[in-house]
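One file, my_file-v1.cif, carrying mmCIF, N, CA and C atoms:
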```
data_model
#
loop_
_atom_site.label_atom_id
_atom_site.label_comp_id
_atom_site.auth_asym_id
_atom_site.auth_seq_id
_atom_site.Cartn_x
_atom_site.Cartn_y
_atom_site.Cartn_z
N MET A 1 189.72 26.43 56.39
CA MET A 1 189.41 27.78 55.95
C MET A 1 190.56 28.31 55.08
N MET A 2 190.20 29.04 54.03
CA MET A 2 191.22 29.57 53.13
C MET A 2 191.78 30.88 53.67
N LYS A 3 193.08 31.08 53.44
CA LYS A 3 193.73 32.34 53.77
C LYS A 3 193.54 33.31 52.61
N CYS A 4 193.51 34.61 52.93
CA CYS A 4 193.41 35.63 51.89
C CYS A 4 194.71 35.68 51.10
N THR A 5 194.58 35.60 49.81
CA THR A 5 195.74 35.61 48.93
C THR A 5 196.19 37.03 48.60
N SER A 6 195.37 38.00 48.88
CA SER A 6 195.70 39.38 48.55
C SER A 6 196.50 40.05 49.67
N CYS A 7 195.96 40.03 50.89
CA CYS A 7 196.64 40.70 52.01
C CYS A 7 197.48 39.73 52.83
N ASN A 8 197.22 38.43 52.68
CA ASN A 8 197.93 37.38 53.42
C ASN A 8 197.77 37.51 54.93
N ALA A 9 196.78 38.27 55.38
CA ALA A 9 196.59 38.46 56.81
C ALA A 9 195.27 37.90 57.31
N GLY A 10 194.24 37.90 56.45
CA GLY A 10 192.91 37.50 56.89
C GLY A 10 192.52 36.11 56.44
N GLU A 11 191.39 35.65 56.96
CA GLU A 11 190.78 34.39 56.56
C GLU A 11 189.62 34.71 55.62
N LEU A 12 189.36 33.81 54.67
CA LEU A 12 188.22 33.98 53.77
C LEU A 12 187.00 33.34 54.41
N VAL A 13 186.08 34.19 54.82
CA VAL A 13 184.90 33.79 55.57
C VAL A 13 183.69 33.71 54.63
N PRO A 14 182.88 32.62 54.70
CA PRO A 14 181.70 32.52 53.85
C PRO A 14 180.79 33.75 54.01
N SER A 15 180.32 34.26 52.88
CA SER A 15 179.49 35.48 52.89
C SER A 15 178.61 35.49 51.65
N PHE A 16 177.96 36.61 51.41
CA PHE A 16 177.16 36.83 50.20
C PHE A 16 177.49 38.22 49.66
N ILE A 17 177.57 38.36 48.34
CA ILE A 17 177.76 39.66 47.71
C ILE A 17 176.39 40.33 47.65
N ASP A 18 176.27 41.49 48.27
CA ASP A 18 174.99 42.23 48.33
C ASP A 18 173.83 41.33 48.77
N GLY A 19 174.12 40.27 49.49
CA GLY A 19 173.07 39.35 49.93
C GLY A 19 172.50 38.52 48.80
N LEU A 20 173.17 38.50 47.63
CA LEU A 20 172.61 37.87 46.43
C LEU A 20 173.19 36.49 46.13
N PHE A 21 174.50 36.38 46.12
CA PHE A 21 175.13 35.09 45.78
C PHE A 21 176.35 34.86 46.66
N ARG A 22 176.70 33.57 46.77
CA ARG A 22 177.76 33.16 47.69
C ARG A 22 179.13 33.72 47.30
N ALA A 23 179.91 33.99 48.32
CA ALA A 23 181.28 34.45 48.15
C ALA A 23 182.03 34.10 49.43
N HIS A 24 183.29 34.46 49.48
CA HIS A 24 184.09 34.41 50.70
C HIS A 24 184.74 35.78 50.82
N THR A 25 184.59 36.41 51.98
CA THR A 25 185.12 37.75 52.20
C THR A 25 186.26 37.69 53.19
N CYS A 26 187.33 38.43 52.90
CA CYS A 26 188.49 38.45 53.78
C CYS A 26 188.15 39.20 55.07
N SER A 27 188.52 38.60 56.18
CA SER A 27 188.25 39.19 57.49
C SER A 27 189.16 40.39 57.76
N HIS A 28 190.16 40.61 56.91
CA HIS A 28 191.10 41.71 57.13
C HIS A 28 190.97 42.84 56.09
N CYS A 29 191.00 42.49 54.80
CA CYS A 29 191.03 43.53 53.76
C CYS A 29 189.69 43.73 53.04
N ASP A 30 188.68 42.91 53.37
CA ASP A 30 187.34 42.99 52.77
C ASP A 30 187.30 42.65 51.29
N GLY A 31 188.33 42.00 50.75
CA GLY A 31 188.28 41.50 49.39
C GLY A 31 187.32 40.33 49.31
N ASN A 32 186.89 39.98 48.09
CA ASN A 32 185.92 38.89 47.91
C ASN A 32 186.40 37.86 46.91
N TRP A 33 186.25 36.58 47.26
CA TRP A 33 186.54 35.45 46.40
C TRP A 33 185.20 34.90 45.93
N ILE A 34 184.98 34.92 44.63
CA ILE A 34 183.70 34.48 44.05
C ILE A 34 183.95 33.36 43.07
N LEU A 35 183.16 32.29 43.17
CA LEU A 35 183.20 31.25 42.15
C LEU A 35 182.19 31.63 41.07
N ILE A 36 182.65 31.68 39.84
CA ILE A 36 181.79 32.08 38.72
C ILE A 36 180.55 31.19 38.64
N GLU A 37 180.67 29.91 38.99
CA GLU A 37 179.50 29.03 38.93
C GLU A 37 178.41 29.50 39.90
N ASP A 38 178.78 30.04 41.06
CA ASP A 38 177.78 30.57 42.00
C ASP A 38 177.12 31.82 41.42
N TYR A 39 177.92 32.68 40.81
CA TYR A 39 177.41 33.91 40.19
C TYR A 39 176.47 33.57 39.04
N VAL A 40 176.89 32.67 38.15
CA VAL A 40 176.07 32.31 36.98
C VAL A 40 174.77 31.63 37.42
N ALA A 41 174.84 30.75 38.41
CA ALA A 41 173.64 30.08 38.91
C ALA A 41 172.65 31.11 39.45
N TRP A 42 173.16 32.11 40.19
CA TRP A 42 172.29 33.17 40.71
C TRP A 42 171.68 33.96 39.55
N LYS A 43 172.51 34.33 38.55
CA LYS A 43 172.01 35.09 37.40
C LYS A 43 170.90 34.33 36.67
N GLU A 44 171.07 33.02 36.51
CA GLU A 44 170.07 32.21 35.81
C GLU A 44 168.76 32.18 36.58
N ARG A 45 168.83 32.23 37.91
CA ARG A 45 167.61 32.23 38.73
C ARG A 45 166.96 33.61 38.80
N ASN A 46 167.74 34.66 38.46
CA ASN A 46 167.25 36.04 38.58
C ASN A 46 167.52 36.84 37.30
N PRO A 47 166.97 36.38 36.17
CA PRO A 47 167.31 37.02 34.88
C PRO A 47 166.85 38.47 34.77
N GLU A 48 165.87 38.89 35.53
CA GLU A 48 165.35 40.25 35.42
C GLU A 48 166.03 41.23 36.37
N PHE A 49 166.92 40.72 37.22
CA PHE A 49 167.55 41.56 38.24
C PHE A 49 168.40 42.65 37.60
N THR A 50 168.28 43.87 38.10
CA THR A 50 169.15 44.96 37.64
C THR A 50 169.87 45.53 38.85
N PHE A 51 171.10 45.94 38.62
CA PHE A 51 171.93 46.48 39.70
C PHE A 51 171.80 47.99 39.76
N ASP A 52 171.81 48.51 40.97
CA ASP A 52 171.83 49.95 41.18
C ASP A 52 173.25 50.43 40.88
N ASP A 53 173.40 51.30 39.89
CA ASP A 53 174.74 51.75 39.54
C ASP A 53 175.07 53.10 40.18
N ASN A 54 174.20 53.56 41.08
CA ASN A 54 174.45 54.81 41.79
C ASN A 54 175.07 54.46 43.14
N VAL A 55 176.36 54.15 43.12
CA VAL A 55 177.04 53.70 44.33
C VAL A 55 178.25 54.59 44.60
N SER A 56 178.59 54.71 45.87
CA SER A 56 179.83 55.41 46.22
C SER A 56 180.73 54.39 46.90
N TYR A 57 182.01 54.47 46.64
CA TYR A 57 182.93 53.46 47.14
C TYR A 57 184.36 53.96 47.04
N GLU A 58 185.21 53.24 47.71
CA GLU A 58 186.64 53.43 47.58
C GLU A 58 187.16 52.10 47.06
N VAL A 59 187.95 52.14 46.00
CA VAL A 59 188.36 50.88 45.37
C VAL A 59 189.86 50.69 45.51
N ASP A 60 190.22 49.45 45.82
CA ASP A 60 191.62 49.05 45.83
C ASP A 60 191.89 48.31 44.53
N ASP A 61 193.14 48.28 44.11
CA ASP A 61 193.51 47.50 42.92
C ASP A 61 194.86 46.86 43.17
N THR A 62 194.88 45.54 43.24
CA THR A 62 196.12 44.81 43.43
C THR A 62 196.91 44.85 42.14
N ARG A 63 198.05 45.51 42.17
CA ARG A 63 198.89 45.62 40.98
C ARG A 63 199.71 44.35 40.75
N ASN A 64 200.13 43.72 41.84
CA ASN A 64 200.97 42.52 41.72
C ASN A 64 200.12 41.31 41.37
N ALA A 65 200.78 40.31 40.81
CA ALA A 65 200.10 39.04 40.56
C ALA A 65 199.75 38.44 41.91
N ILE A 66 198.55 37.87 42.01
CA ILE A 66 198.19 37.18 43.25
C ILE A 66 197.86 35.73 42.94
N LEU A 67 197.90 34.92 43.97
CA LEU A 67 197.70 33.49 43.82
C LEU A 67 196.26 33.10 44.13
N CYS A 68 195.77 32.11 43.42
CA CYS A 68 194.44 31.57 43.67
C CYS A 68 194.41 31.00 45.09
N PRO A 69 193.42 31.40 45.91
CA PRO A 69 193.36 30.89 47.28
C PRO A 69 193.06 29.39 47.34
N ALA A 70 192.51 28.84 46.28
CA ALA A 70 192.16 27.41 46.27
C ALA A 70 193.32 26.53 45.79
N THR A 71 194.08 27.02 44.78
CA THR A 71 195.11 26.17 44.18
C THR A 71 196.54 26.67 44.37
N GLY A 72 196.70 27.95 44.69
CA GLY A 72 198.03 28.52 44.83
C GLY A 72 198.68 28.88 43.50
N THR A 73 197.94 28.76 42.39
CA THR A 73 198.49 29.12 41.08
C THR A 73 198.25 30.61 40.82
N ILE A 74 199.09 31.21 39.98
CA ILE A 74 198.97 32.62 39.67
C ILE A 74 197.68 32.89 38.88
N MET A 75 196.97 33.93 39.28
CA MET A 75 195.73 34.29 38.61
C MET A 75 196.02 35.31 37.51
N ARG A 76 195.21 35.27 36.45
CA ARG A 76 195.33 36.23 35.34
C ARG A 76 194.56 37.49 35.67
N LYS A 77 195.03 38.61 35.12
CA LYS A 77 194.35 39.89 35.31
C LYS A 77 193.54 40.21 34.06
N PHE A 78 192.29 40.63 34.26
CA PHE A 78 191.39 40.96 33.16
C PHE A 78 190.93 42.40 33.30
N ARG A 79 191.09 43.19 32.24
CA ARG A 79 190.58 44.57 32.23
C ARG A 79 189.07 44.55 32.16
N LEU A 80 188.46 45.56 32.78
CA LEU A 80 187.00 45.66 32.79
C LEU A 80 186.45 46.24 31.51
N SER A 81 187.12 47.29 31.00
CA SER A 81 186.59 47.95 29.81
C SER A 81 187.71 48.72 29.12
N ALA A 82 187.40 49.20 27.92
CA ALA A 82 188.38 49.98 27.16
C ALA A 82 188.63 51.34 27.82
N THR A 83 187.67 51.83 28.59
CA THR A 83 187.79 53.15 29.20
C THR A 83 188.29 53.10 30.63
N ASN A 84 188.46 51.90 31.19
CA ASN A 84 188.88 51.77 32.58
C ASN A 84 190.08 50.83 32.64
N GLU A 85 191.17 51.30 33.21
CA GLU A 85 192.40 50.49 33.31
C GLU A 85 192.33 49.45 34.41
N HIS A 86 191.30 49.52 35.22
CA HIS A 86 191.20 48.62 36.38
C HIS A 86 191.14 47.16 35.94
N ARG A 87 191.77 46.28 36.71
CA ARG A 87 191.82 44.85 36.39
C ARG A 87 191.34 44.02 37.57
N ILE A 88 190.65 42.92 37.26
CA ILE A 88 190.26 41.96 38.28
C ILE A 88 191.05 40.68 38.05
N ASP A 89 191.20 39.88 39.10
CA ASP A 89 192.01 38.67 39.04
C ASP A 89 191.12 37.44 38.88
N TYR A 90 191.55 36.52 37.99
CA TYR A 90 190.74 35.35 37.67
C TYR A 90 191.59 34.09 37.68
N SER A 91 191.08 33.05 38.32
CA SER A 91 191.70 31.73 38.33
C SER A 91 190.89 30.81 37.42
N ALA A 92 191.41 30.55 36.23
CA ALA A 92 190.70 29.68 35.29
C ALA A 92 190.64 28.24 35.80
N VAL A 93 191.60 27.84 36.60
CA VAL A 93 191.67 26.47 37.12
C VAL A 93 190.41 26.12 37.91
N VAL A 94 189.95 27.04 38.76
CA VAL A 94 188.76 26.77 39.57
C VAL A 94 187.57 27.65 39.20
N GLY A 95 187.77 28.59 38.26
CA GLY A 95 186.68 29.48 37.88
C GLY A 95 186.34 30.47 38.97
N GLY A 96 187.38 30.99 39.61
CA GLY A 96 187.18 31.93 40.70
C GLY A 96 187.70 33.31 40.36
N VAL A 97 187.04 34.32 40.91
CA VAL A 97 187.41 35.71 40.70
C VAL A 97 187.74 36.34 42.04
N TRP A 98 188.87 37.07 42.10
CA TRP A 98 189.20 37.84 43.29
C TRP A 98 188.83 39.29 43.02
N LEU A 99 187.98 39.84 43.88
CA LEU A 99 187.62 41.25 43.79
C LEU A 99 188.16 41.95 45.03
N ASP A 100 189.09 42.89 44.80
CA ASP A 100 189.59 43.70 45.90
C ASP A 100 188.44 44.53 46.45
N LYS A 101 188.64 45.07 47.66
CA LYS A 101 187.61 45.92 48.28
C LYS A 101 187.22 47.03 47.31
N GLY A 102 185.91 47.18 47.07
CA GLY A 102 185.39 48.23 46.21
C GLY A 102 185.24 47.82 44.75
N GLU A 103 185.83 46.69 44.35
CA GLU A 103 185.74 46.30 42.95
C GLU A 103 184.32 45.87 42.55
N TRP A 104 183.57 45.28 43.45
CA TRP A 104 182.18 44.92 43.13
C TRP A 104 181.38 46.20 42.87
N GLU A 105 181.60 47.23 43.70
CA GLU A 105 180.91 48.51 43.51
C GLU A 105 181.34 49.15 42.19
N LEU A 106 182.61 49.01 41.84
CA LEU A 106 183.11 49.53 40.56
C LEU A 106 182.41 48.82 39.40
N LEU A 107 182.25 47.50 39.50
CA LEU A 107 181.54 46.74 38.46
C LEU A 107 180.11 47.27 38.31
N LYS A 108 179.46 47.56 39.44
CA LYS A 108 178.09 48.08 39.38
C LYS A 108 178.08 49.45 38.71
N GLU A 109 178.99 50.32 39.11
CA GLU A 109 179.04 51.67 38.55
C GLU A 109 179.30 51.63 37.04
N GLU A 110 180.15 50.71 36.60
CA GLU A 110 180.49 50.59 35.18
C GLU A 110 179.40 49.86 34.39
N GLY A 111 178.35 49.38 35.10
CA GLY A 111 177.28 48.65 34.44
C GLY A 111 177.69 47.23 34.07
N LEU A 112 178.69 46.68 34.77
CA LEU A 112 179.23 45.37 34.43
C LEU A 112 178.91 44.28 35.45
N ALA A 113 178.23 44.63 36.53
CA ALA A 113 177.94 43.63 37.57
C ALA A 113 177.10 42.48 37.02
N GLY A 114 176.27 42.76 36.03
CA GLY A 114 175.45 41.72 35.42
C GLY A 114 176.18 40.97 34.32
N SER A 115 177.44 41.34 34.06
CA SER A 115 178.23 40.73 32.98
C SER A 115 179.57 40.19 33.46
N LEU A 116 179.69 39.93 34.74
CA LEU A 116 180.99 39.51 35.29
C LEU A 116 181.55 38.31 34.53
N ASN A 117 180.71 37.33 34.22
CA ASN A 117 181.20 36.15 33.50
C ASN A 117 181.65 36.50 32.09
N ALA A 118 181.01 37.48 31.45
CA ALA A 118 181.39 37.88 30.09
C ALA A 118 182.74 38.59 30.07
N VAL A 119 183.02 39.40 31.12
CA VAL A 119 184.29 40.13 31.20
C VAL A 119 185.47 39.16 31.15
N LEU A 120 185.27 37.94 31.62
CA LEU A 120 186.34 36.96 31.71
C LEU A 120 186.55 36.15 30.44
N THR A 121 185.88 36.53 29.36
CA THR A 121 186.01 35.77 28.11
C THR A 121 187.06 36.39 27.20
N THR A 122 187.62 35.57 26.34
CA THR A 122 188.60 36.02 25.36
C THR A 122 187.98 37.06 24.45
N GLN A 123 186.73 36.86 24.05
CA GLN A 123 186.04 37.80 23.15
C GLN A 123 185.95 39.18 23.78
N TRP A 124 185.55 39.26 25.04
CA TRP A 124 185.43 40.54 25.74
C TRP A 124 186.78 41.25 25.77
N GLN A 125 187.81 40.51 26.15
CA GLN A 125 189.15 41.10 26.26
C GLN A 125 189.67 41.55 24.89
N ARG A 126 189.37 40.79 23.86
CA ARG A 126 189.78 41.16 22.49
C ARG A 126 189.08 42.46 22.08
N ASN A 127 187.79 42.58 22.38
CA ASN A 127 187.04 43.79 22.04
C ASN A 127 187.60 45.02 22.76
N ILE A 128 188.06 44.85 23.98
CA ILE A 128 188.66 45.97 24.72
C ILE A 128 189.91 46.46 23.98
N ARG A 129 190.73 45.53 23.53
CA ARG A 129 191.97 45.91 22.85
C ARG A 129 191.69 46.60 21.51
N ILE A 130 190.62 46.21 20.84
CA ILE A 130 190.28 46.79 19.53
C ILE A 130 189.75 48.20 19.69
N ASN A 131 188.93 48.43 20.73
CA ASN A 131 188.28 49.73 20.93
C ASN A 131 189.16 50.76 21.53
#
```
Please re-express this file's structure in structure tokens.
Amino acid sequence: MMKCTSCNAGELVPSFIDGLFRAHTCSHCDGNWILIEDYVAWKERNPEFTFDDNVSYEVDDTRNAILCPATGTIMRKFRLSATNEHRIDYSAVVGGVWLDKGEWELLKEEGLAGSLNAVLTTQWQRNIRIN
């Protein structure tokens, strides 16, 4: 079982995000480890799915660099949008995303839950800097 790389206190337990696709959720801080391949496979099977963006939540944001729970390498931080300073952590080595507690709800509110894989692209990040 993987240890949580964010709080270093919990175990990453197999789970599902909103009951939709596989993830691992920390037993202590409620952060989520998602493999982009699981997310993309779910999206391909559910192309018409739309997310409810009317959500209430409390969001945490890890300011420090955190390590990939699978490889121990430092993950990169990606901004969500030009209007939001919030960043999510990404491990390119394994294609995994760390979402702190509340970040999935933030993605839904920002209308980005259906574009998680796009947020992690160079093009998306370049467009944020231009706008």
Please determine, counting only N, CA and C atoms, which residue among A:Asp52, A:Gly114, A:Phe21, A:Arg63 has the shortest atom-to-atom distance to A:Asp38. A:Phe21
Would you kindly return, as an MDAnalysis selection string, each protein, DNA or RNA residue with an atom no farther than 6.5 Å from any atom of stretch 64-71 of chain A, considering all atoms listed in the file and excluding same-chain residues fewer than 3 positions away? chainID A and resid 2:6 61 74:75 91
Between A:Ser15, A:Thr121, A:Leu107, A:Gly96, which is the closest to A:Asp30 once you count only C-alpha atoms? A:Ser15
Pairwise distance, atom N of A:Pro47 with atom N of A:Gly95, equals 22.3 Å
Quick one: of A:Cys26, A:Leu20, A:Val119, A:Ala113, who's nearest to A:Trp42, counting only C-alpha atoms?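 Checking each of A:Cys26, A:Leu20, A:Val119, A:Ala113 against A:Trp42, counting only C-alpha atoms, the winner is A:Leu20.
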With only C-alpha atoms as the basis for distance, which of A:Arg22, A:His28, A:Gly72, A:Gln123 is at the shortest distance from A:Gly10?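 Answer, going by the shortest atom-to-atom distance: A:His28.
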Suppose you want the space between atom N of A:Lys43 and atom N of A:Leu116; what is it in Å?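 Distance reported for this atom pair: 9.9 Å.
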Go through A:Ala23, A:Glu110, A:Asn127, A:Asn117 one by one, measure the shortest atom-to-atom distance of each to A:Leu35 using only C-alpha atoms, and give the residue with the smallest value. A:Ala23
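If you measure from each of A:Phe51, A:Phe78, A:Asp100, A:Ile88 to A:Gln125 using only N, CA and C atoms, the closest one turns out to be A:Phe78.
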By how many Å are atom CA of A:Leu120 and atom N of A:Gly19 apart?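 Separation between atom CA of A:Leu120 and atom N of A:Gly19: 21.8 Å.
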Would you return as a list in words the members of stretch 38-120 of chain A that DSSP assigns to helix (DSSP H, G or I) on this structure's backbone?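 Helix (DSSP H, G or I) assignments inside stretch 38-120 of chain A correspond to Asp38, Tyr39, Val40, Ala41, Trp42, Lys43, Glu44, Arg45, Glu103, Trp104, Glu105, Leu106, Leu107, Lys108, Glu109, Ala113, Gly114, Ser115, Leu116, Asn117, Ala118 and Val119 of chain A.
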Every residue of chain A that DSSP places in strand (DSSP E), as a PyMOL selection string: chain A and resi 12-17+21-26+32-35+76-81+84-91+96-99
What's around A:His24 at 6.5 Å? Count all atoms listed in the file, leave out sequence neighbours fewer than 5 positions away in its own chain, and write the answer as a PDB file with N, CA and C atoms, in the frame of the given file.
```pdb
ATOM      1  N   LEU A  12     189.360  33.810  54.670  1.00  0.00           N
ATOM      2  CA  LEU A  12     188.220  33.980  53.770  1.00  0.00           C
ATOM      3  C   LEU A  12     187.000  33.340  54.410  1.00  0.00           C
ATOM      4  N   VAL A  13     186.080  34.190  54.820  1.00  0.00           N
ATOM      5  CA  VAL A  13     184.900  33.790  55.570  1.00  0.00           C
ATOM      6  C   VAL A  13     183.690  33.710  54.630  1.00  0.00           C
ATOM      7  N   PRO A  14     182.880  32.620  54.700  1.00  0.00           N
ATOM      8  CA  PRO A  14     181.700  32.520  53.850  1.00  0.00           C
ATOM      9  C   PRO A  14     180.790  33.750  54.010  1.00  0.00           C
ATOM     10  N   SER A  15     180.320  34.260  52.880  1.00  0.00           N
ATOM     11  CA  SER A  15     179.490  35.480  52.890  1.00  0.00           C
ATOM     12  C   SER A  15     178.610  35.490  51.650  1.00  0.00           C
ATOM     13  N   PHE A  16     177.960  36.610  51.410  1.00  0.00           N
ATOM     14  CA  PHE A  16     177.160  36.830  50.200  1.00  0.00           C
ATOM     15  C   PHE A  16     177.490  38.220  49.660  1.00  0.00           C
ATOM     16  N   GLY A  31     188.330  42.000  50.750  1.00  0.00           N
ATOM     17  CA  GLY A  31     188.280  41.500  49.390  1.00  0.00           C
ATOM     18  C   GLY A  31     187.320  40.330  49.310  1.00  0.00           C
ATOM     19  N   ASN A  32     186.890  39.980  48.090  1.00  0.00           N
ATOM     20  CA  ASN A  32     185.920  38.890  47.910  1.00  0.00           C
ATOM     21  C   ASN A  32     186.400  37.860  46.910  1.00  0.00           C
ATOM     22  N   TRP A  33     186.250  36.580  47.260  1.00  0.00           N
ATOM     23  CA  TRP A  33     186.540  35.450  46.400  1.00  0.00           C
ATOM     24  C   TRP A  33     185.200  34.900  45.930  1.00  0.00           C
ATOM     25  N   ILE A  34     184.980  34.920  44.630  1.00  0.00           N
ATOM     26  CA  ILE A  34     183.700  34.480  44.050  1.00  0.00           C
ATOM     27  C   ILE A  34     183.950  33.360  43.070  1.00  0.00           C
TER      28      ILE A  34
END
```
